[in-house]
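The next block is run_2.cif, given as mmCIF, C-alpha atoms.
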data_data
loop_
_atom_site.label_atom_id
_atom_site.label_comp_id
_atom_site.auth_asym_id
_atom_site.auth_seq_id
_atom_site.Cartn_x
_atom_site.Cartn_y
_atom_site.Cartn_z
CA MET A 1206 -44.75 42.67 -14.40
CA ASN A 1207 -48.56 42.43 -14.24
CA PRO A 1208 -50.46 39.42 -15.64
CA LEU A 1209 -51.33 41.27 -18.89
CA GLN A 1210 -47.71 42.20 -19.52
CA ARG A 1211 -46.61 38.64 -18.75
CA THR A 1212 -49.15 37.28 -21.27
CA PHE A 1213 -47.96 39.65 -24.02
CA ALA A 1214 -44.34 38.75 -23.28
CA SER A 1215 -45.13 35.05 -23.51
CA LEU A 1216 -46.92 35.53 -26.83
CA GLY A 1217 -43.96 37.51 -28.08
CA ILE A 1218 -41.54 34.73 -27.16
CA ILE A 1219 -43.73 32.13 -28.90
CA SER A 1220 -43.86 34.33 -32.00
CA ILE A 1221 -40.06 34.65 -31.98
CA VAL A 1222 -39.66 30.88 -31.72
CA ILE A 1223 -42.06 30.23 -34.60
CA LEU A 1224 -40.50 32.98 -36.71
CA ALA A 1225 -37.01 31.64 -36.09
CA PHE A 1226 -38.15 28.20 -37.09
CA LEU A 1227 -39.66 29.49 -40.32
CA VAL A 1228 -36.76 31.75 -41.24
CA VAL A 1229 -33.84 29.44 -40.50
CA PRO A 1230 -33.41 26.88 -43.34
CA GLN A 1231 -33.87 23.33 -42.04
CA GLU A 1232 -34.49 19.88 -43.44
CA SER A 1233 -38.00 18.52 -43.15
CA SER A 1234 -36.89 15.91 -40.61
CA ALA A 1235 -35.49 18.66 -38.41
CA ARG A 1236 -38.78 20.52 -38.53
CA LEU A 1237 -40.51 17.48 -37.14
CA ARG A 1238 -38.23 17.77 -34.15
CA LEU A 1239 -39.08 21.41 -33.47
CA PHE A 1240 -39.96 20.73 -29.86
CA LYS A 1241 -37.08 18.36 -29.15
CA ALA A 1242 -33.83 20.20 -28.47
CA THR A 1243 -30.61 18.33 -27.72
CA SER A 1244 -28.07 18.74 -24.98
CA GLU A 1245 -24.52 17.62 -24.33
CA ILE A 1246 -22.56 17.40 -21.12
CA SER A 1247 -18.86 16.96 -20.48
CA ILE A 1248 -16.95 16.38 -17.26
CA LYS A 1249 -13.22 16.87 -16.91
CA PRO A 1250 -10.96 16.82 -13.82
CA ASP A 1251 -8.33 19.52 -13.42
CA GLN A 1252 -5.91 16.74 -12.39
CA SER A 1253 -6.58 13.21 -13.62
CA TYR A 1254 -3.56 11.37 -12.19
CA PHE A 1255 -2.21 11.07 -8.65
CA GLU A 1256 0.83 8.93 -7.85
CA ASN A 1257 2.72 7.81 -4.77
CA LEU A 1258 -0.26 8.53 -2.52
CA SER A 1259 0.43 8.25 1.19
CA LEU A 1260 -1.90 6.26 3.40
CA ASN A 1261 -4.84 8.35 4.75
CA ARG A 1262 -3.59 11.53 3.04
CA GLU A 1263 -6.31 13.45 1.20
CA VAL A 1264 -5.78 14.85 -2.30
CA LYS A 1265 -8.22 17.13 -4.06
CA THR A 1266 -9.07 18.27 -7.55
CA ASN A 1267 -11.91 20.12 -9.29
CA LEU A 1268 -14.31 18.72 -11.85
CA THR A 1269 -15.33 21.10 -14.62
CA ILE A 1270 -18.80 20.32 -15.97
CA VAL A 1271 -19.94 21.98 -19.20
CA TYR A 1272 -23.61 21.65 -20.08
CA SER A 1273 -24.51 22.68 -23.67
CA TYR A 1274 -27.96 22.95 -25.24
CA SER A 1275 -28.98 23.43 -28.87
CA ARG A 1276 -31.11 26.10 -30.57
CA PHE A 1277 -34.83 26.13 -29.83
CA SER A 1278 -34.25 24.90 -26.29
CA ILE A 1279 -37.34 25.66 -24.23
CA PRO A 1280 -36.90 24.64 -20.59
CA SER A 1281 -39.85 24.13 -18.27
CA GLY A 1282 -41.49 27.41 -17.24
CA TYR A 1283 -39.96 29.23 -20.20
CA LEU A 1284 -43.27 30.44 -21.60
CA PHE A 1285 -44.05 31.97 -18.21
CA LEU A 1286 -40.69 33.81 -18.25
CA THR A 1287 -39.38 31.63 -15.39
CA PRO A 1288 -37.21 28.98 -17.09
CA SER A 1289 -36.34 26.13 -14.75
CA PRO A 1290 -32.68 25.19 -14.33
CA THR A 1291 -31.52 21.83 -15.69
CA LYS A 1292 -30.82 19.32 -12.94
CA ILE A 1293 -27.45 17.58 -13.18
CA ASN A 1294 -26.64 14.56 -11.01
CA LEU A 1295 -23.09 13.42 -10.24
CA GLU A 1296 -22.06 10.00 -8.92
CA VAL A 1297 -18.97 7.91 -8.29
CA MET A 1298 -19.66 5.05 -10.67
CA SER A 1299 -16.70 2.89 -9.64
CA LYS A 1300 -13.58 3.06 -7.50
CA PRO A 1301 -11.01 0.70 -5.92
CA LYS A 1302 -12.24 -0.76 -2.63
CA TRP A 1303 -9.11 0.52 -0.85
CA CYS A 1304 -9.86 4.21 -1.39
CA ASP A 1305 -12.54 6.72 -0.48
CA VAL A 1306 -13.96 9.29 -2.93
CA GLN A 1307 -16.14 12.22 -1.81
CA LEU A 1308 -17.90 14.68 -4.12
CA GLU A 1309 -18.41 18.21 -2.84
CA LYS A 1310 -21.91 18.12 -4.37
CA GLU A 1311 -23.90 15.39 -6.07
CA ASN A 1312 -26.82 17.52 -7.33
CA LEU A 1313 -26.21 20.60 -9.47
CA SER A 1314 -28.40 23.12 -11.29
CA ALA A 1315 -27.58 24.70 -14.63
CA GLU A 1316 -29.45 28.01 -14.80
CA MET A 1317 -31.27 28.51 -18.10
CA PRO A 1318 -31.64 32.05 -19.51
CA LEU A 1319 -34.49 33.43 -21.62
CA THR A 1320 -32.08 33.37 -24.57
CA SER A 1321 -31.91 29.57 -24.43
CA ILE A 1322 -33.81 29.36 -27.72
CA PHE A 1323 -30.59 30.46 -29.40
CA GLY A 1324 -28.55 27.72 -27.74
CA GLY A 1325 -25.72 28.08 -25.28
CA ASN A 1326 -23.83 26.44 -22.46
CA VAL A 1327 -23.29 26.59 -18.71
CA THR A 1328 -20.04 25.79 -16.87
CA LEU A 1329 -20.04 24.44 -13.33
CA GLU A 1330 -17.30 23.28 -10.95
CA VAL A 1331 -17.36 20.68 -8.18
CA GLY A 1332 -14.57 19.59 -5.83
CA VAL A 1333 -13.66 15.93 -5.34
CA THR A 1334 -11.59 14.49 -2.48
CA ILE A 1335 -9.67 11.21 -2.74
CA LYS A 1336 -8.00 9.26 0.06
CA VAL A 1337 -6.29 5.84 0.27
CA THR A 1338 -7.86 4.28 3.36
CA SER A 1339 -6.31 0.78 3.49
CA LYS A 1340 -2.68 -0.31 3.68
CA ASP A 1341 -3.71 -3.26 1.51
CA ALA A 1342 -3.76 -0.90 -1.47
CA PRO A 1343 -1.32 -2.39 -4.02
CA GLY A 1344 1.78 -0.20 -4.01
CA TYR A 1345 2.81 1.42 -7.29
CA LYS A 1346 -0.13 -0.12 -9.16
CA GLU A 1347 -2.78 2.10 -10.73
CA GLY A 1348 -6.39 2.15 -9.66
CA LYS A 1349 -9.18 3.86 -11.57
CA ILE A 1350 -12.01 6.09 -10.34
CA VAL A 1351 -14.94 6.69 -12.70
CA ILE A 1352 -17.26 9.65 -12.06
CA GLY A 1353 -20.44 10.14 -14.08
CA ALA A 1354 -22.60 13.20 -14.78
CA LYS A 1355 -26.18 13.13 -16.08
CA ALA A 1356 -28.25 16.14 -17.15
CA LEU A 1357 -31.97 15.37 -16.81
CA ASP A 1358 -34.73 16.27 -19.29
CA ASN A 1359 -35.85 19.88 -19.01
CA GLY A 1360 -38.84 21.01 -21.03
CA ASN A 1361 -38.14 20.08 -24.64
CA ILE A 1362 -34.41 19.55 -23.94
CA ASN A 1363 -33.33 15.92 -24.00
CA SER A 1364 -31.14 14.44 -21.29
CA SER A 1365 -27.44 13.75 -21.74
CA GLU A 1366 -24.65 12.09 -19.80
CA ALA A 1367 -20.89 11.72 -19.67
CA LYS A 1368 -18.14 10.31 -17.46
CA CYS A 1369 -14.48 10.89 -16.65
CA GLU A 1370 -11.62 8.89 -15.14
CA ILE A 1371 -9.12 9.72 -12.43
CA LYS A 1372 -6.17 7.36 -12.00
CA ILE A 1373 -4.43 6.94 -8.66
CA LYS A 1374 -1.28 5.05 -7.66
CA PRO A 1375 -0.73 4.21 -3.97
CA GLY A 1376 2.79 4.47 -2.54
CA PHE A 1377 4.82 1.90 -0.58
CA TYR A 1378 3.50 1.23 2.92
CA PRO A 1379 6.29 -0.72 4.68
CA ASP A 1380 5.42 -2.86 7.70
CA VAL A 1381 7.69 -5.76 8.68
CA GLU A 1382 7.87 -7.66 11.96
CA VAL A 1383 9.83 -10.61 13.39
CA ASN A 1384 8.64 -13.23 15.85
CA GLU A 1385 11.56 -12.39 18.17
CA ASN A 1386 14.35 -9.84 18.13
CA PHE A 1387 16.39 -10.93 21.19
CA PHE A 1388 18.12 -14.32 21.40
CA ARG A 1389 20.02 -15.82 24.33
CA LEU A 1390 22.53 -18.62 23.66
CA GLU A 1391 25.08 -20.54 25.70
CA LEU A 1392 27.64 -22.53 23.73
CA SER A 1393 30.85 -24.39 24.41
CA PRO A 1394 33.97 -24.19 22.22
CA GLY A 1395 33.40 -26.35 19.12
CA GLU A 1396 29.60 -26.24 19.49
CA GLU A 1397 27.09 -24.94 16.89
CA LYS A 1398 23.44 -23.86 17.07
CA GLU A 1399 20.77 -22.53 14.70
CA ILE A 1400 18.54 -19.52 15.39
CA PRO A 1401 15.20 -19.55 13.51
CA ILE A 1402 13.77 -16.11 12.71
CA GLU A 1403 10.27 -15.70 11.24
CA ILE A 1404 9.87 -12.53 9.16
CA THR A 1405 6.37 -11.30 8.32
CA ASN A 1406 5.62 -8.74 5.62
CA ASN A 1407 2.53 -6.74 6.66
CA GLY A 1408 3.14 -4.10 3.99
CA ASN A 1409 1.49 -3.64 0.61
CA MET A 1410 4.36 -4.64 -1.69
CA GLU A 1411 6.64 -7.62 -2.15
CA ILE A 1412 9.96 -7.01 -0.38
CA ILE A 1413 13.55 -8.18 -0.46
CA ALA A 1414 14.96 -8.48 3.08
CA SER A 1415 18.39 -9.36 4.44
CA ILE A 1416 20.10 -9.68 7.83
CA ASP A 1417 23.63 -8.38 8.43
CA THR A 1418 25.98 -7.78 11.34
CA THR A 1419 26.54 -4.18 12.37
CA GLU A 1420 29.78 -4.76 14.32
CA GLU A 1421 32.85 -6.94 13.96
CA LEU A 1422 32.39 -10.44 15.40
CA PRO A 1423 34.48 -11.74 18.32
CA ASP A 1424 37.43 -13.93 17.23
CA LEU A 1425 35.88 -17.11 18.65
CA VAL A 1426 32.49 -16.65 16.98
CA LEU A 1427 31.52 -17.78 13.48
CA LEU A 1428 28.16 -16.55 12.14
CA ASP A 1429 26.63 -18.00 8.97
CA LEU A 1430 24.10 -15.57 7.45
CA SER A 1431 23.98 -17.16 3.99
CA GLU A 1432 20.31 -18.13 4.40
CA ALA A 1433 19.40 -14.61 5.50
CA LYS A 1434 20.37 -12.84 2.27
CA SER A 1435 17.90 -11.67 -0.40
CA ILE A 1436 14.79 -13.00 1.33
CA ASP A 1437 11.81 -12.57 -1.01
CA ILE A 1438 8.54 -12.10 0.92
CA GLY A 1439 5.16 -11.24 -0.62
CA PRO A 1440 2.62 -8.94 1.08
CA GLY A 1441 0.82 -10.73 3.90
CA LYS A 1442 3.34 -13.60 3.82
CA SER A 1443 5.93 -14.93 6.29
CA LYS A 1444 9.26 -16.69 5.87
CA THR A 1445 11.53 -18.39 8.40
CA VAL A 1446 15.30 -18.19 7.98
CA LYS A 1447 18.00 -19.81 10.12
CA LEU A 1448 21.18 -18.20 11.37
CA LYS A 1449 24.03 -20.53 12.36
CA VAL A 1450 26.25 -19.61 15.30
CA GLU A 1451 29.44 -21.63 15.86
CA ILE A 1452 32.19 -21.31 18.45
CA LYS A 1453 35.72 -22.15 17.44
CA ARG A 1454 37.68 -24.77 19.39
CA TYR A 1455 39.50 -23.39 22.39
CA ASP A 1456 41.92 -25.39 24.60
CA LYS A 1457 41.67 -23.22 27.70
CA LYS A 1458 39.03 -22.57 30.27
CA ILE A 1459 36.63 -19.84 29.12
CA ASP A 1460 33.54 -18.07 30.40
CA GLU A 1461 32.84 -15.02 28.25
CA LYS A 1462 29.72 -13.06 27.31
CA TYR A 1463 29.23 -11.35 23.96
CA SER A 1464 26.52 -9.12 22.50
CA ILE A 1465 26.17 -9.51 18.74
CA PRO A 1466 23.99 -6.79 17.13
CA LEU A 1467 22.28 -7.55 13.82
CA GLU A 1468 20.12 -5.49 11.48
CA LEU A 1469 17.22 -6.58 9.29
CA SER A 1470 16.85 -4.23 6.31
CA TYR A 1471 14.47 -4.43 3.36
CA TYR A 1472 13.18 -2.62 0.29
CA ALA A 1473 10.28 -2.99 -2.16
CA LYS A 1474 11.07 -5.53 -4.86
CA ASP A 1475 12.15 -3.85 -8.12
CA TYR A 1476 12.34 -0.49 -6.26
CA LYS A 1477 15.61 -0.39 -4.32
CA ASN A 1478 15.04 3.26 -3.41
CA LEU A 1479 11.82 2.36 -1.55
CA LYS A 1480 13.18 1.25 1.81
CA GLY A 1481 11.40 0.46 5.04
CA GLU A 1482 12.68 1.19 8.52
CA SER A 1483 15.29 -1.37 9.60
CA LEU A 1484 14.75 -3.68 12.58
CA ASP A 1485 17.41 -4.35 15.24
CA LEU A 1486 18.15 -7.92 16.34
CA ASP A 1487 20.44 -8.93 19.21
CA ILE A 1488 22.17 -12.19 20.13
CA ASN A 1489 23.26 -12.44 23.76
CA LEU A 1490 25.95 -15.14 23.67
CA ARG A 1491 27.76 -16.86 26.53
CA VAL A 1492 30.78 -19.03 25.71
CA LYS A 1493 31.68 -21.38 28.53
CA GLY A 1494 34.07 -24.34 28.49
CA GLU A 1495 36.89 -26.29 30.19
CA PRO A 1496 40.31 -27.28 28.82
CA LYS A 1497 40.23 -30.36 26.60
CA SER A 1498 41.36 -33.70 28.13
CA ILE A 1499 44.60 -35.28 26.93
CA PHE A 1500 42.53 -38.40 26.43
CA PRO A 1501 39.80 -37.34 24.04
CA GLY A 1502 36.54 -39.18 24.56
CA PHE A 1503 37.12 -39.87 28.29
CA ASP A 1504 36.03 -37.63 31.10
CA LEU A 1505 38.36 -36.82 34.03
CA ALA A 1506 36.50 -38.93 36.64
CA PHE A 1507 36.78 -42.02 34.48
CA ILE A 1508 40.52 -41.47 34.04
CA GLU A 1509 41.01 -40.99 37.79
CA ALA A 1510 39.15 -44.24 38.51
CA LEU A 1511 41.24 -46.05 35.93
CA VAL A 1512 44.49 -44.81 37.51
CA ILE A 1513 43.34 -45.96 40.97
CA ILE A 1514 42.50 -49.43 39.65
CA VAL A 1515 45.91 -49.71 37.98
CA LEU A 1516 47.66 -48.68 41.22
CA ILE A 1517 45.70 -51.27 43.20
CA ILE A 1518 46.67 -54.01 40.71
CA VAL A 1519 50.33 -53.00 40.92
CA LEU A 1520 50.20 -53.01 44.73
CA ILE A 1521 48.70 -56.49 44.81
CA PHE A 1522 51.35 -57.73 42.40
CA VAL A 1523 54.11 -56.28 44.57
CA ILE A 1524 52.67 -57.91 47.73
CA ILE A 1525 52.47 -61.31 46.01
CA ARG A 1526 56.10 -61.05 44.84
CA CYS A 1527 57.28 -60.12 48.29
CA ARG A 1528 55.67 -63.25 49.88
CA ALA A 1529 57.07 -65.56 47.30
#

Transcribe the structure of this file into structure tokens.
Amino acid sequence: MNPLQRTFASLGIISIVILAFLVVPQESSARLRLFKATSEISIKPDQSYFENLSLNREVKTNLTIVYSYSRFSIPSGYLFLTPSPTKINLEVMSKPKWCDVQLEKENLSAEMPLTSIFGGNVTLEVGVTIKVTSKDAPGYKEGKIVIGAKALDNGNINSSEAKCEIKIKPGFYPDVEVNENFFRLELSPGEEKEIPIEITNNGNMEIIASIDTTEELPDLVLLDLSEAKSIDIGPGKSKTVKLKVEIKRYDKKIDEKYSIPLELSYYAKDYKNLKGESLDLDINLRVKGEPKSIFPGFDLAFIEALVIIVLIIVLIFVIIRCRA
């Protein structure tokens, strides 16, 4: 198109705009706004809710952006038959600190046709990627991501903006440790000892833990696990429980070794189906002892010395009697 043709085309478009304005019935206030067209923008995710998100696993959805403009919209460059596209900026307005949100594009362009004076709309799509990046994310509690879209002024078309929300719910990230998982004890019959175990919850939800035996106990061994049942531990917290090991009385000589396997299991509080991996604990127990004395409270050496003294006294008495 040569310059002369371009000029005639521009004049024709101006004439059409003026004619349309005169022909279409409008209130006087609307006529005053002849050169101010309006726009609207909407933004909507294909999927607005994600639950039970695994740590560091990416999920994706598309954002559908619809940009609408009213009649008598004249974008920049329109009169020269080269209407400029409307610039649309996207941004993540807010998000939980424990997640990462990436937009496929942050700057979009809505192409404007020569028929924009009659109004219309443009639909665009942008991908968004979401990932939980910290195990401190609160399990089974919703977080909210807010994404905004703003269409800038373009010619006589006013700007517009909108926002949308995407809700996400992290899953259960179990992580439990103990200060020690192997214990060595040596006890005598009738003796009792306590084993302190510190349990730390490094996961993202409050847990209920308990310690149980996995095999039948030896006849001589008594194990009190009453303090190690239903242990409530918050995320980032530790608790110390005590196991009591007691050996029954035994009147014979004994020197036996036993291995007592235990298991620490746990689940997320209020969610019994959300279980973490169990931890194995072991008690290496040696039971060693001698037969009990017939004189309780006296050791054998003392009794032997006492018998010798008595025999000496008797011998002296006999010698004195014999001389008399």

Please enumerate the residues selected by the PyMOL selection byres ((chain A and resi 1486) around 9) when evaluated against the supplied file, formatted as a PyMOL selection string.
chain A and resi 1385-1388+1416+1465-1469+1484-1485+1487-1488

Please, what distance in Å, to one decimal, runs between atom CA of Thr1269 of chain A and atom CA of Gly1282 of chain A?
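Atom CA of Thr1269 of chain A sits 27.0 Å away from atom CA of Gly1282 of chain A.
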
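Nearest-residue note for Val1351 of chain A: choosing from A:Leu1329, A:Val1381, A:Leu1295, A:Leu1392, the minimum distance belongs to A:Leu1295, counting all atoms listed in the file.
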
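Distance-wise, atom CA of Ala1473 of chain A and atom CA of Lys1444 of chain A end up 15.9 Å apart.
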
Where does segment 1346-1394 of chain A meet segment 1237-1260 of chain A within 10 Å, residue by residue, with the nearest atom pair and distance in Å to one decimal for each, counting all atoms listed in the file, listed by chain and rising number, as CSV?
residue,atom,partner,partner_atom,distance
A:Lys1346,CA,A:Glu1256,CA,9.2
A:Glu1347,CA,A:Glu1256,CA,8.2
A:Gly1348,CA,A:Phe1255,CA,9.9
A:Lys1349,CA,A:Tyr1254,CA,9.4
A:Ile1350,CA,A:Ser1253,CA,9.5
A:Ile1352,CA,A:Ile1248,CA,8.5
A:Gly1353,CA,A:Ile1248,CA,7.8
A:Ala1354,CA,A:Ile1248,CA,6.9
A:Lys1355,CA,A:Ile1246,CA,7.5
A:Ala1356,CA,A:Ile1246,CA,7.1
A:Leu1357,CA,A:Ser1244,CA,9.7
A:Asp1358,CA,A:Ser1244,CA,9.1
A:Asn1359,CA,A:Ala1242,CA,9.7
A:Gly1360,CA,A:Lys1241,CA,8.7
A:Asn1361,CA,A:Lys1241,CA,4.9
A:Ile1362,CA,A:Ala1242,CA,4.6
A:Asn1363,CA,A:Thr1243,CA,5.2
A:Ser1364,CA,A:Ser1244,CA,6.4
A:Ser1365,CA,A:Glu1245,CA,5.5
A:Glu1366,CA,A:Ile1246,CA,5.9
A:Ala1367,CA,A:Ser1247,CA,5.7
A:Lys1368,CA,A:Ile1248,CA,6.2
A:Cys1369,CA,A:Ile1248,CA,6.1
A:Glu1370,CA,A:Ser1253,CA,6.8
A:Ile1371,CA,A:Ser1253,CA,4.5
A:Lys1372,CA,A:Tyr1254,CA,4.8
A:Ile1373,CA,A:Phe1255,CA,4.7
A:Lys1374,CA,A:Glu1256,CA,4.4
A:Pro1375,CA,A:Leu1258,CA,4.6
A:Gly1376,CA,A:Asn1257,CA,4.0
A:Phe1377,CA,A:Asn1257,CA,7.5
A:Tyr1378,CA,A:Leu1260,CA,7.4

Rank A:Ile1270, A:Val1512, A:Ile1525, A:Leu1427 by their smallest atom-to-atom distance to Arg1454 of chain A, using only C-alpha atoms, and report the top residue only.
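Among the listed residues, the smallest separation from Arg1454 of chain A belongs to A:Leu1427.
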
Please report the interatomic distance between atom CA of Lys1434 of chain A and atom CA of Ile1452 of chain A in Å with one decimal.
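Distance reported for this atom pair: 21.8 Å.
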
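For the residues A:Lys1477, A:Asn1267, A:Ile1293, A:Trp1303, ranking by smallest atom-to-atom distance to Gly1332 of chain A using all atoms listed in the file places A:Asn1267 first.
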
Which of these, A:Lys1336, A:Ser1278, A:Arg1526, A:Tyr1272, has the shortest distance to Lys1300 of chain A once you count only C-alpha atoms?
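Closest residue, counting only C-alpha atoms: A:Lys1336.
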
At a cut-off of 6 Å, using only C-alpha atoms, what residues contact Gly1324 of chain A? Leave out same-chain residues fewer than 5 positions from it and give the result as a VMD selection string.
chain A and resid 1274 to 1276

Would you save the residues from that selection as a short mmCIF file (atom, residue, chain, number, x, y, z; two decimals), in the coordinates of the input, using C-alpha atoms?
data_model
loop_
_atom_site.label_atom_id
_atom_site.label_comp_id
_atom_site.auth_asym_id
_atom_site.auth_seq_id
_atom_site.Cartn_x
_atom_site.Cartn_y
_atom_site.Cartn_z
CA TYR A 1274 -27.96 22.95 -25.24
CA SER A 1275 -28.98 23.43 -28.87
CA ARG A 1276 -31.11 26.10 -30.57
#

Hey, what's within 10 Å of Arg1389 of chain A if we count only C-alpha atoms and toss same-chain stuff fewer than 4 positions away? As a PyMOL selection string, please?
chain A and resi 1400+1464+1487-1491

Which residues are close to Lys1442 of chain A, i.e. within 10 Å by only C-alpha atoms, leaving aside same-chain residues fewer than 6 positions away? Reply as a list in words.
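So the residues in contact are Ile1404, Thr1405, Asn1406, Asn1407, Gly1408 and Glu1411 of chain A.
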
Per-axis box centre and lengths in Å around segment 1260-1269 of chain A, 6 Å margin per side, axis-aligned, as AutoDock Vina command-line options:
--center_x -8.6 --center_y 13.7 --center_z -4.9 --size_x 25.4 --size_y 26.8 --size_z 31.4

Rank nothing, just name the residue among A:Asp1460, A:Glu1296, A:Glu1309, A:Asp1475 nearest to Pro1394 of chain A, using only C-alpha atoms.
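Selected residue with least distance to Pro1394 of chain A: A:Asp1460.
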
Would you please work out which residue, of A:Pro1290, A:Ser1483, A:Asn1312, A:Met1317, is nearest to Val1383 of chain A when using all atoms listed in the file?
A:Ser1483

Within 6 Å of Ser1435 of chain A, counting only C-alpha atoms, which residues show up once you throw out same-chain ones fewer than 4 positions away? Write them as a PyMOL selection string, please.
chain A and resi 1413-1415

Excluding Glu1482 of chain A and its own-chain neighbours fewer than 6 positions away, which residues fall within 9 Å of it when counting all atoms listed in the file? Please give them as a PDB file with C-alpha atoms, in the frame of the given file.
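Below is the file that was written, part.pdb:
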ATOM      1  CA  PRO A1379       6.290  -0.720   4.680  1.00  0.00           C
ATOM      2  CA  ASP A1380       5.420  -2.860   7.700  1.00  0.00           C
ATOM      3  CA  VAL A1381       7.690  -5.760   8.680  1.00  0.00           C
ATOM      4  CA  SER A1470      16.850  -4.230   6.310  1.00  0.00           C
ATOM      5  CA  TYR A1471      14.470  -4.430   3.360  1.00  0.00           C
TER       6      TYR A1471
END
